[in-house]
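Here the structure comes first, spelled out in structure tokens, and everything after it is commentary.
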Amino acid sequence: MKTTLLTERDIETAAAILRDGGLLGIPTETVYGLGADGLNADAVRRIFEAKGRPQDNPLILHIPEASWLERYCRNIPAAAYTLAEKFWPGPLTMVLRRRANVPNAVTCGLNTVGMRCPDHPVTLAIIRAAGVPVAAPSGNRSGRPSPTCASHMLEDMDGRIDAIVDGGSCGVGVESTIIDLTAPVPRLLRPGGLPLEALREVLGEVEVDRAVLAPLSAGEKPKAPGMKYRHYAPRAPVTVVTGESRRTARYIRRRLGEHTGVICFDEYTSEFPGCVVESIGSVEDREEQARRVFDALRAFDETNVDAIYAQCPGDAGLGLAVANRLKKAAGFQIVDAGEAEA
Ligand code: AMP
Ligand code: MG
């Protein structure tokens, strides 16, 4: 299959690919997605094949406005509309009870479905023109860092899908925040482009699923199926170093080998001579870190590094999402620089 690169002007061509059961790379504000007609089970199954995605990791249904929720969900709590009003279009996915018209292929047999309205004018126009909800996970090969521009998606998907719509670089850079509204207390399943603090302001209490912060123990069942898989990983093993930034820099400096890669804050780029260094933004600029973290992880695969150390932001704001992506890329191989020194 030849993969065509489409531009923002090719809305009709893109919509026709979806209607015909094809696979389409779509730009969103978070990361690029791999979309198909979310009501066409065969098309949805091809997403799993193209990505090499495990069969039990469900997809998100993308819709152009909150009024479409009723078509695919039932028992929708008032909180869903409050959140949609405030944060859609935007980087928020809500897990709700699904209707029977949503194929099992999308939800992997769950009785819930993840719903999102992405904040990208081109993709919204494509979904409206297609007239169907678009099922999509991130547009990377399974296990790889998510793509934040069309060329990164092409790296992973060339020859496997019909087309990619080039809508520029993603403004947010990490995937959507996933909140489960079917739990007794709303539950954060994945930190993402919308900070947890913003959800708490609207919802009051929000529980954070344990799998966000720590690896699952053997046999433990994840609430979001995607939580159990290794994710976002470059080829070389990653170690995440938490703690105050000067300390994490010092910790990493003491461990540099001949082919070490370092993910660091901008303030520290000159401190790792002889290493492959990928900076992700200033210490306190978590928005910039979110935009750059996947590109940094992806860049090491073009080099000969055999170990990667990463300075890790704290949990406030988008830091929770950035830290989560780094920790998952590391398979939760985490050291605390403060404890290590003590
Ligand atoms: P991706 O953005 O590539 O990670 O794919 C979609 C994410 O949404 C995965 O992490 C899924 O596990 C999660 N997801 C989708 N539907 C549901 C659902 N019904 N319940 C919990 N998590 C879901
Ligand atoms: Mg993904």
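Chain identifiers are assigned as A, B, and so on, following the order in which chains appear in the structure tokens; residues are numbered from 1 within each chain, and ligands are numbered from 1 in order of appearance.
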How would you report the residues lying within 9 Å of ligand 2, as a list in words, if you count only C-alpha atoms and all ligand atoms?
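Those residues are Gly33, Pro137, Ser138, Gly139, Asn140, Arg141, Ser142, Gly143, Arg144, Pro145, Ser146, Glu175, Gly226, His231 and Tyr232 of chain A.
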Residues from last step as file, N, CA, C and O atoms, as a PDB file, in the first residue's frame:
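Final output, saved to again28.pdb:
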```pdb
ATOM      1  N   GLY A  33      -2.995  10.954  15.353  1.00  0.00           N
ATOM      2  CA  GLY A  33      -3.779   9.752  15.603  1.00  0.00           C
ATOM      3  C   GLY A  33      -3.877   8.901  14.348  1.00  0.00           C
ATOM      4  O   GLY A  33      -3.661   9.380  13.230  1.00  0.00           O
ATOM      5  N   PRO A 137      -6.234   5.511  18.080  1.00  0.00           N
ATOM      6  CA  PRO A 137      -5.188   5.586  19.082  1.00  0.00           C
ATOM      7  C   PRO A 137      -4.118   6.534  18.540  1.00  0.00           C
ATOM      8  O   PRO A 137      -4.313   7.144  17.486  1.00  0.00           O
ATOM      9  N   SER A 138      -3.005   6.660  19.257  1.00  0.00           N
ATOM     10  CA  SER A 138      -1.904   7.452  18.714  1.00  0.00           C
ATOM     11  C   SER A 138      -1.328   6.771  17.470  1.00  0.00           C
ATOM     12  O   SER A 138      -1.429   5.558  17.314  1.00  0.00           O
ATOM     13  N   GLY A 139      -0.690   7.557  16.609  1.00  0.00           N
ATOM     14  CA  GLY A 139      -0.301   7.075  15.278  1.00  0.00           C
ATOM     15  C   GLY A 139       1.064   6.439  15.173  1.00  0.00           C
ATOM     16  O   GLY A 139       1.627   6.352  14.077  1.00  0.00           O
ATOM     17  N   ASN A 140       1.602   5.957  16.288  1.00  0.00           N
ATOM     18  CA  ASN A 140       2.899   5.279  16.279  1.00  0.00           C
ATOM     19  C   ASN A 140       2.725   3.771  16.139  1.00  0.00           C
ATOM     20  O   ASN A 140       1.654   3.240  16.414  1.00  0.00           O
ATOM     21  N   ARG A 141       3.817   3.069  15.751  1.00  0.00           N
ATOM     22  CA  ARG A 141       3.831   1.605  15.908  1.00  0.00           C
ATOM     23  C   ARG A 141       3.783   1.321  17.392  1.00  0.00           C
ATOM     24  O   ARG A 141       4.365   2.044  18.192  1.00  0.00           O
ATOM     25  N   SER A 142       3.104   0.262  17.773  1.00  0.00           N
ATOM     26  CA  SER A 142       2.900  -0.045  19.182  1.00  0.00           C
ATOM     27  C   SER A 142       4.238  -0.105  19.934  1.00  0.00           C
ATOM     28  O   SER A 142       5.192  -0.700  19.450  1.00  0.00           O
ATOM     29  N   GLY A 143       4.286   0.552  21.089  1.00  0.00           N
ATOM     30  CA  GLY A 143       5.495   0.548  21.906  1.00  0.00           C
ATOM     31  C   GLY A 143       6.406   1.741  21.672  1.00  0.00           C
ATOM     32  O   GLY A 143       7.233   2.071  22.517  1.00  0.00           O
ATOM     33  N   ARG A 144       6.262   2.411  20.519  1.00  0.00           N
ATOM     34  CA  ARG A 144       7.145   3.533  20.155  1.00  0.00           C
ATOM     35  C   ARG A 144       6.607   4.850  20.726  1.00  0.00           C
ATOM     36  O   ARG A 144       5.437   4.941  21.087  1.00  0.00           O
ATOM     37  N   PRO A 145       7.449   5.880  20.758  1.00  0.00           N
ATOM     38  CA  PRO A 145       6.943   7.190  21.182  1.00  0.00           C
ATOM     39  C   PRO A 145       5.854   7.690  20.226  1.00  0.00           C
ATOM     40  O   PRO A 145       5.898   7.403  19.030  1.00  0.00           O
ATOM     41  N   SER A 146       4.893   8.421  20.743  1.00  0.00           N
ATOM     42  CA  SER A 146       3.805   8.931  19.905  1.00  0.00           C
ATOM     43  C   SER A 146       4.330  10.008  18.952  1.00  0.00           C
ATOM     44  O   SER A 146       5.227  10.762  19.305  1.00  0.00           O
ATOM     45  N   GLU A 175      -0.491  12.915  24.898  1.00  0.00           N
ATOM     46  CA  GLU A 175      -1.860  12.500  24.621  1.00  0.00           C
ATOM     47  C   GLU A 175      -2.847  13.136  25.604  1.00  0.00           C
ATOM     48  O   GLU A 175      -2.460  13.742  26.597  1.00  0.00           O
ATOM     49  N   GLY A 226      -4.484   0.050  28.323  1.00  0.00           N
ATOM     50  CA  GLY A 226      -3.182   0.474  27.816  1.00  0.00           C
ATOM     51  C   GLY A 226      -2.114   0.593  28.883  1.00  0.00           C
ATOM     52  O   GLY A 226      -0.926   0.641  28.593  1.00  0.00           O
ATOM     53  N   HIS A 231       5.670   1.349  26.867  1.00  0.00           N
ATOM     54  CA  HIS A 231       5.210   2.404  25.988  1.00  0.00           C
ATOM     55  C   HIS A 231       6.344   3.352  25.651  1.00  0.00           C
ATOM     56  O   HIS A 231       7.265   3.505  26.444  1.00  0.00           O
ATOM     57  N   TYR A 232       6.225   4.030  24.561  1.00  0.00           N
ATOM     58  CA  TYR A 232       7.021   5.233  24.283  1.00  0.00           C
ATOM     59  C   TYR A 232       8.521   4.971  24.275  1.00  0.00           C
ATOM     60  O   TYR A 232       9.313   5.887  24.437  1.00  0.00           O
TER      61      TYR A 232
END
```
Pick out the residues no farther than 8 Å from ligand 1, counting only C-alpha atoms and all ligand atoms, and list them as an NGL selection string.
:A and (33 or 57-60 or 93 or 95-96 or 106-107 or 110-115 or 136-140 or 146 or 175-176 or 178 or 180 or 189-190 or 223-227)
What's the 9 Å shell around Arg9 (chain A), counting only C-alpha atoms, without same-chain residues fewer than 3 positions away, as a PDB file with C-alpha atoms, in the first residue's frame?
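The resulting file, selection31.pdb, is shown below:
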```pdb
ATOM      1  CA  LEU A   6      -2.437  14.974   2.238  1.00  0.00           C
ATOM      2  CA  GLU A  12     -12.959  15.688   1.114  1.00  0.00           C
ATOM      3  CA  VAL A 122      -8.692  20.239  10.043  1.00  0.00           C
TER       4      VAL A 122
END
```
Please provide as number ranges by chain all residues within 7 Å of Ile11 (chain A), with the sequence filter that same-chain residues fewer than 3 positions apart are discarded (counting only C-alpha atoms).
A: 8, 14-15, 125-126
Pull the helix (DSSP H, G or I) assignments for region 14-82 of chain A out of DSSP run on the backbone, and list those residues as a PyMOL selection string.
chain A and resi 14-19+41-51+66-72+78-82
Residue selection dump (N, CA, C and O atoms) as a CSV table (one decimal), in the first residue's frame:
```csv
chain,number,residue,atom,x,y,z
A,14,ALA,N,-9.8,13.1,2.4
A,14,ALA,CA,-9.6,12.4,3.7
A,14,ALA,C,-10.9,11.8,4.3
A,14,ALA,O,-10.9,10.7,4.7
A,15,ALA,N,-12.0,12.6,4.1
A,15,ALA,CA,-13.2,12.1,4.6
A,15,ALA,C,-13.7,10.8,3.8
A,15,ALA,O,-14.2,9.9,4.4
A,16,ALA,N,-13.4,10.8,2.5
A,16,ALA,CA,-13.7,9.7,1.7
A,16,ALA,C,-12.9,8.4,2.1
A,16,ALA,O,-13.5,7.3,2.1
A,17,ILE,N,-11.7,8.6,2.5
A,17,ILE,CA,-10.9,7.5,2.9
A,17,ILE,C,-11.5,6.8,4.2
A,17,ILE,O,-11.7,5.6,4.3
A,18,LEU,N,-12.0,7.7,5.1
A,18,LEU,CA,-12.6,7.2,6.3
A,18,LEU,C,-13.9,6.5,5.9
A,18,LEU,O,-14.2,5.3,6.4
A,19,ARG,N,-14.8,7.1,5.1
A,19,ARG,CA,-16.0,6.5,4.7
A,19,ARG,C,-15.9,5.1,4.0
A,19,ARG,O,-16.7,4.2,4.1
A,41,ALA,N,-16.4,-2.1,12.0
A,41,ALA,CA,-15.5,-3.0,12.8
A,41,ALA,C,-14.3,-3.5,12.0
A,41,ALA,O,-13.2,-3.6,12.6
A,42,ASP,N,-14.5,-3.7,10.7
A,42,ASP,CA,-13.4,-4.2,9.9
A,42,ASP,C,-12.3,-3.2,9.8
A,42,ASP,O,-11.1,-3.4,9.9
A,43,ALA,N,-12.7,-1.9,9.6
A,43,ALA,CA,-11.7,-0.8,9.5
A,43,ALA,C,-11.0,-0.6,10.8
A,43,ALA,O,-9.8,-0.5,10.8
A,44,VAL,N,-11.7,-0.7,11.9
A,44,VAL,CA,-11.1,-0.6,13.2
A,44,VAL,C,-10.1,-1.7,13.5
A,44,VAL,O,-9.0,-1.4,14.0
A,45,ARG,N,-10.4,-2.9,13.0
A,45,ARG,CA,-9.5,-4.0,13.2
A,45,ARG,C,-8.2,-3.8,12.5
A,45,ARG,O,-7.1,-4.1,13.0
A,46,ARG,N,-8.3,-3.1,11.3
A,46,ARG,CA,-7.0,-2.8,10.6
A,46,ARG,C,-6.1,-1.8,11.3
A,46,ARG,O,-4.9,-1.8,11.1
A,47,ILE,N,-6.7,-1.0,12.2
A,47,ILE,CA,-5.9,-0.1,13.0
A,47,ILE,C,-4.9,-0.9,13.9
A,47,ILE,O,-3.7,-0.7,14.0
A,48,PHE,N,-5.5,-2.0,14.5
A,48,PHE,CA,-4.7,-2.8,15.4
A,48,PHE,C,-3.6,-3.5,14.6
A,48,PHE,O,-2.4,-3.6,15.1
A,49,GLU,N,-3.9,-4.0,13.4
A,49,GLU,CA,-2.9,-4.6,12.5
A,49,GLU,C,-1.8,-3.6,12.2
A,49,GLU,O,-0.6,-4.0,12.3
A,50,ALA,N,-2.2,-2.4,11.7
A,50,ALA,CA,-1.2,-1.5,11.2
A,50,ALA,C,-0.2,-1.1,12.3
A,50,ALA,O,1.0,-0.8,12.1
A,51,LYS,N,-0.7,-1.0,13.6
A,51,LYS,CA,0.1,-0.5,14.7
A,51,LYS,C,0.9,-1.7,15.3
A,51,LYS,O,1.8,-1.5,16.1
A,66,ALA,N,-20.0,17.9,21.5
A,66,ALA,CA,-20.6,17.2,22.7
A,66,ALA,C,-22.0,16.6,22.4
A,66,ALA,O,-22.4,15.6,22.9
A,67,SER,N,-22.7,17.3,21.4
A,67,SER,CA,-24.1,16.8,21.1
A,67,SER,C,-24.0,15.4,20.5
A,67,SER,O,-25.0,14.7,20.5
A,68,TRP,N,-22.9,14.9,20.0
A,68,TRP,CA,-22.7,13.6,19.5
A,68,TRP,C,-22.6,12.5,20.6
A,68,TRP,O,-22.7,11.3,20.3
A,69,LEU,N,-22.4,12.9,21.8
A,69,LEU,CA,-22.2,11.9,22.9
A,69,LEU,C,-23.4,11.0,23.0
A,69,LEU,O,-23.2,9.7,23.2
A,70,GLU,N,-24.6,11.5,22.9
A,70,GLU,CA,-25.8,10.7,23.0
A,70,GLU,C,-25.9,9.6,22.0
A,70,GLU,O,-26.5,8.6,22.3
A,71,ARG,N,-25.3,9.8,20.9
A,71,ARG,CA,-25.4,8.7,19.8
A,71,ARG,C,-24.7,7.5,20.2
A,71,ARG,O,-25.0,6.4,19.8
A,72,TYR,N,-23.6,7.6,21.0
A,72,TYR,CA,-22.7,6.4,21.3
A,72,TYR,C,-22.6,6.1,22.8
A,72,TYR,O,-22.1,5.0,23.1
A,78,ALA,N,-24.2,14.4,34.4
A,78,ALA,CA,-24.1,15.8,34.1
A,78,ALA,C,-22.7,16.3,34.0
A,78,ALA,O,-22.4,17.2,33.2
A,79,ALA,N,-21.8,15.7,34.8
A,79,ALA,CA,-20.4,16.2,34.9
A,79,ALA,C,-19.8,16.1,33.5
A,79,ALA,O,-18.9,16.9,33.1
A,80,ALA,N,-20.2,15.1,32.7
A,80,ALA,CA,-19.6,15.0,31.3
A,80,ALA,C,-19.9,16.3,30.5
A,80,ALA,O,-19.0,16.8,29.8
A,81,TYR,N,-21.1,16.8,30.6
A,81,TYR,CA,-21.5,18.0,29.8
A,81,TYR,C,-20.8,19.2,30.4
A,81,TYR,O,-20.4,20.1,29.7
A,82,THR,N,-20.6,19.2,31.7
A,82,THR,CA,-19.9,20.4,32.3
A,82,THR,C,-18.5,20.4,31.8
A,82,THR,O,-17.9,21.4,31.4
```
I want to know what sits within 9 Å of Pro27 (chain A), based on only C-alpha atoms, with residues of the same chain fewer than 5 positions away left out; could you give that as a compact mmCIF listing (two decimals) with N, CA and C atoms, in the first residue's frame?
```
# COMPACT_ATOMS: atom_id res chain seq x y z
N TYR A 32 -0.39 12.93 16.78
CA TYR A 32 -1.08 12.43 15.59
C TYR A 32 -1.81 11.12 15.93
N GLY A 33 -2.99 10.95 15.35
CA GLY A 33 -3.78 9.75 15.60
C GLY A 33 -3.88 8.90 14.35
N HIS A 120 -8.49 20.49 16.76
CA HIS A 120 -7.73 20.75 15.53
C HIS A 120 -8.73 21.01 14.41
N VAL A 122 -8.70 21.11 11.22
CA VAL A 122 -8.69 20.24 10.04
C VAL A 122 -9.35 18.91 10.37
N THR A 123 -8.97 18.34 11.50
CA THR A 123 -9.53 17.04 11.88
C THR A 123 -11.02 17.16 12.21
N THR A 148 4.45 13.47 16.92
CA THR A 148 3.95 14.84 17.11
C THR A 148 4.04 15.66 15.83
N CYS A 149 4.42 15.02 14.71
CA CYS A 149 4.38 15.69 13.42
C CYS A 149 4.18 14.61 12.35
N ALA A 150 3.78 15.05 11.14
CA ALA A 150 3.44 14.09 10.09
C ALA A 150 4.64 13.21 9.72
N ILE A 164 -1.79 10.22 5.37
CA ILE A 164 -1.61 11.04 6.58
C ILE A 164 -1.92 12.49 6.19
N VAL A 165 -2.73 13.14 6.97
CA VAL A 165 -3.01 14.56 6.74
C VAL A 165 -1.98 15.38 7.53
N ASP A 166 -1.17 16.15 6.81
CA ASP A 166 -0.17 16.98 7.49
C ASP A 166 -0.83 18.25 8.01
N GLY A 167 -1.01 18.31 9.31
CA GLY A 167 -1.63 19.49 9.92
C GLY A 167 -0.65 20.25 10.80
N GLY A 168 0.65 20.09 10.53
CA GLY A 168 1.66 20.81 11.30
C GLY A 168 2.03 20.06 12.58
N SER A 169 2.85 20.72 13.42
CA SER A 169 3.27 20.08 14.68
C SER A 169 2.18 20.22 15.73
N CYS A 170 2.14 19.25 16.63
CA CYS A 170 1.11 19.24 17.66
C CYS A 170 1.44 20.25 18.75
```
Show me, as a tab-separated table, the residues of region 144-187 of chain A having an atom within 10 Å of region 197-208 of chain A, each with the closest atom pair and its distance in Å, using only C-alpha atoms.
```
residue	atom	partner	partner_atom	distance
A:Thr177	CA	A:Leu199	CA	9.6
A:Ile179	CA	A:Val206	CA	8.8
A:Asp180	CA	A:Val206	CA	9.6
A:Leu181	CA	A:Val206	CA	9.9
A:Ala183	CA	A:Glu207	CA	9.6
A:Pro184	CA	A:Glu207	CA	9.9
A:Val185	CA	A:Val206	CA	6.4
A:Pro186	CA	A:Val206	CA	5.1
A:Arg187	CA	A:Glu207	CA	4.6
```
For the selection you just gave me, I'd like the residues written to a file as a CSV table (one decimal), in the first residue's frame, keeping N, CA and C atoms.
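The new file result.csv reads:
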```csv
chain,number,residue,atom,x,y,z
A,177,THR,N,-5.7,13.7,28.5
A,177,THR,CA,-6.0,13.2,29.8
A,177,THR,C,-7.2,12.3,29.8
A,179,ILE,N,-10.2,10.6,31.9
A,179,ILE,CA,-11.0,10.5,33.1
A,179,ILE,C,-12.1,9.5,33.0
A,180,ASP,N,-12.2,8.6,34.0
A,180,ASP,CA,-13.3,7.6,34.0
A,180,ASP,C,-14.5,8.2,34.8
A,181,LEU,N,-15.6,8.5,34.1
A,181,LEU,CA,-16.7,9.1,34.8
A,181,LEU,C,-17.7,8.0,35.1
A,183,ALA,N,-16.8,5.5,37.3
A,183,ALA,CA,-16.4,5.1,38.6
A,183,ALA,C,-17.2,5.9,39.7
A,184,PRO,N,-17.4,5.4,40.9
A,184,PRO,CA,-18.1,6.1,41.9
A,184,PRO,C,-17.5,7.5,42.2
A,185,VAL,N,-16.2,7.6,42.2
A,185,VAL,CA,-15.5,8.9,42.2
A,185,VAL,C,-14.7,9.0,40.9
A,186,PRO,N,-14.8,10.1,40.2
A,186,PRO,CA,-14.1,10.2,38.9
A,186,PRO,C,-12.6,9.8,39.1
A,187,ARG,N,-12.1,9.1,38.1
A,187,ARG,CA,-10.8,8.5,38.3
A,187,ARG,C,-9.9,8.9,37.1
```
Distance criterion (only C-alpha atoms): nearest to Cys312 (chain A) out of A:Ile63, A:Val262, A:Val276, A:Leu124:
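Using only C-alpha atoms, the shortest distance to Cys312 (chain A) belongs to A:Val262.
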May I have the residues within 10 Å of Lys2 (chain A) as an mmCIF file with all heavy atoms, in the first residue's frame, using only C-alpha atoms and disregarding those fewer than 4 positions away in the same chain?
```
data_model
loop_
_atom_site.group_PDB
_atom_site.id
_atom_site.type_symbol
_atom_site.label_atom_id
_atom_site.label_comp_id
_atom_site.auth_asym_id
_atom_site.auth_seq_id
_atom_site.Cartn_x
_atom_site.Cartn_y
_atom_site.Cartn_z
ATOM 1 N N ASP A 158 4.582 4.335 7.125
ATOM 2 C CA ASP A 158 4.691 4.362 5.661
ATOM 3 C C ASP A 158 4.434 2.967 5.091
ATOM 4 O O ASP A 158 5.037 1.989 5.530
ATOM 5 C CB ASP A 158 6.095 4.851 5.256
ATOM 6 C CG ASP A 158 6.133 5.288 3.791
ATOM 7 O OD1 ASP A 158 5.053 5.406 3.175
ATOM 8 O OD2 ASP A 158 7.248 5.507 3.279
ATOM 9 N N GLY A 159 3.513 2.879 4.135
ATOM 10 C CA GLY A 159 3.195 1.603 3.498
ATOM 11 C C GLY A 159 2.140 0.794 4.242
ATOM 12 O O GLY A 159 1.704 -0.250 3.770
ATOM 13 N N ARG A 160 1.729 1.251 5.415
ATOM 14 C CA ARG A 160 0.768 0.488 6.224
ATOM 15 C C ARG A 160 -0.621 1.112 6.252
ATOM 16 O O ARG A 160 -1.580 0.464 6.672
ATOM 17 C CB ARG A 160 1.260 0.397 7.674
ATOM 18 C CG ARG A 160 2.615 -0.206 7.787
ATOM 19 C CD ARG A 160 3.073 -0.282 9.239
ATOM 20 N NE ARG A 160 3.927 -1.435 9.353
ATOM 21 C CZ ARG A 160 3.529 -2.615 9.827
ATOM 22 N NH1 ARG A 160 2.326 -2.775 10.295
ATOM 23 N NH2 ARG A 160 4.357 -3.622 9.841
ATOM 24 N N ILE A 161 -0.715 2.383 5.861
ATOM 25 C CA ILE A 161 -2.013 3.073 5.930
ATOM 26 C C ILE A 161 -2.234 3.869 4.643
ATOM 27 O O ILE A 161 -1.298 4.082 3.864
ATOM 28 C CB ILE A 161 -2.097 4.001 7.156
ATOM 29 C CG1 ILE A 161 -1.065 5.139 7.066
ATOM 30 C CG2 ILE A 161 -1.847 3.206 8.447
ATOM 31 C CD1 ILE A 161 -1.182 6.150 8.208
ATOM 32 N N ASP A 162 -3.473 4.320 4.423
ATOM 33 C CA ASP A 162 -3.802 4.979 3.157
ATOM 34 C C ASP A 162 -3.177 6.367 3.034
ATOM 35 O O ASP A 162 -2.643 6.718 1.990
ATOM 36 C CB ASP A 162 -5.326 5.081 3.015
ATOM 37 C CG ASP A 162 -5.956 3.716 2.906
ATOM 38 O OD1 ASP A 162 -5.909 3.140 1.805
ATOM 39 O OD2 ASP A 162 -6.431 3.191 3.937
ATOM 40 N N ALA A 163 -3.281 7.160 4.103
ATOM 41 C CA ALA A 163 -2.812 8.542 3.987
ATOM 42 C C ALA A 163 -2.576 9.146 5.361
ATOM 43 O O ALA A 163 -3.071 8.649 6.381
ATOM 44 C CB ALA A 163 -3.853 9.376 3.239
#
```
Dump as JSON lines the rows for residues of region 201-278 of chain A within 6 Å of region 301-311 of chain A: closest atom pair and distance in Å with one decimal, only C-alpha atoms counted, ordered by chain and rising residue number.
```
{"residue": "A:Ala236", "atom": "CA", "partner": "A:Asp306", "partner_atom": "CA", "distance": 5.1}
{"residue": "A:Pro237", "atom": "CA", "partner": "A:Ala307", "partner_atom": "CA", "distance": 5.4}
{"residue": "A:Val238", "atom": "CA", "partner": "A:Ile308", "partner_atom": "CA", "distance": 4.6}
{"residue": "A:Thr239", "atom": "CA", "partner": "A:Tyr309", "partner_atom": "CA", "distance": 4.9}
{"residue": "A:Val240", "atom": "CA", "partner": "A:Ala310", "partner_atom": "CA", "distance": 4.8}
{"residue": "A:Val241", "atom": "CA", "partner": "A:Gln311", "partner_atom": "CA", "distance": 5.3}
{"residue": "A:His259", "atom": "CA", "partner": "A:Val305", "partner_atom": "CA", "distance": 4.5}
{"residue": "A:Thr260", "atom": "CA", "partner": "A:Ala307", "partner_atom": "CA", "distance": 5.2}
{"residue": "A:Gly261", "atom": "CA", "partner": "A:Ile308", "partner_atom": "CA", "distance": 4.4}
{"residue": "A:Val262", "atom": "CA", "partner": "A:Tyr309", "partner_atom": "CA", "distance": 5.0}
{"residue": "A:Ile263", "atom": "CA", "partner": "A:Ala310", "partner_atom": "CA", "distance": 4.4}
{"residue": "A:Cys264", "atom": "CA", "partner": "A:Gln311", "partner_atom": "CA", "distance": 5.2}
```
Can you list, as a PyMOL selection string, every protein, DNA or RNA residue that comes within 8 Å of Ala321 (chain A) when you count only C-alpha atoms, leaving out same-chain residues fewer than 5 positions away?
chain A and resi 174+190-193+290+315
So, counting only C-alpha atoms, which residue among A:Arg128, A:Arg230, A:His152, A:Lys221 is closest to Arg53 (chain A)?
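Counting only C-alpha atoms, the residue closest to Arg53 (chain A) is A:Arg230.
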If you run DSSP over the backbone, which residues in region 81-180 of chain A end up strand (DSSP E or B)? Put them as a list in words.
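Of region 81-180 of chain A, the ones in strand (DSSP E or B) are Leu92, Thr93, Met94, Val95, Leu96, Arg97, Arg98, Thr112, Val113, Gly114, Met115, Arg116, Val134, Ala135, Ala136, Ser138, Ala163, Ile164, Val165, Thr177, Ile178, Ile179 and Asp180 of chain A.
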Rank A:Arg291, A:Lys328, A:Arg250, A:Arg286 by their smallest atom-to-atom distance to Phe272 (chain A), using only C-alpha atoms, and report the top residue only.
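Closest to Phe272 (chain A) of all the choices is A:Arg250.
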CA of Phe300 (chain A) and CA of Arg255 (chain A), how far apart in Å?
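Taking CA of Arg255 (chain A) and CA of Phe300 (chain A), their separation equals 17.8 Å.
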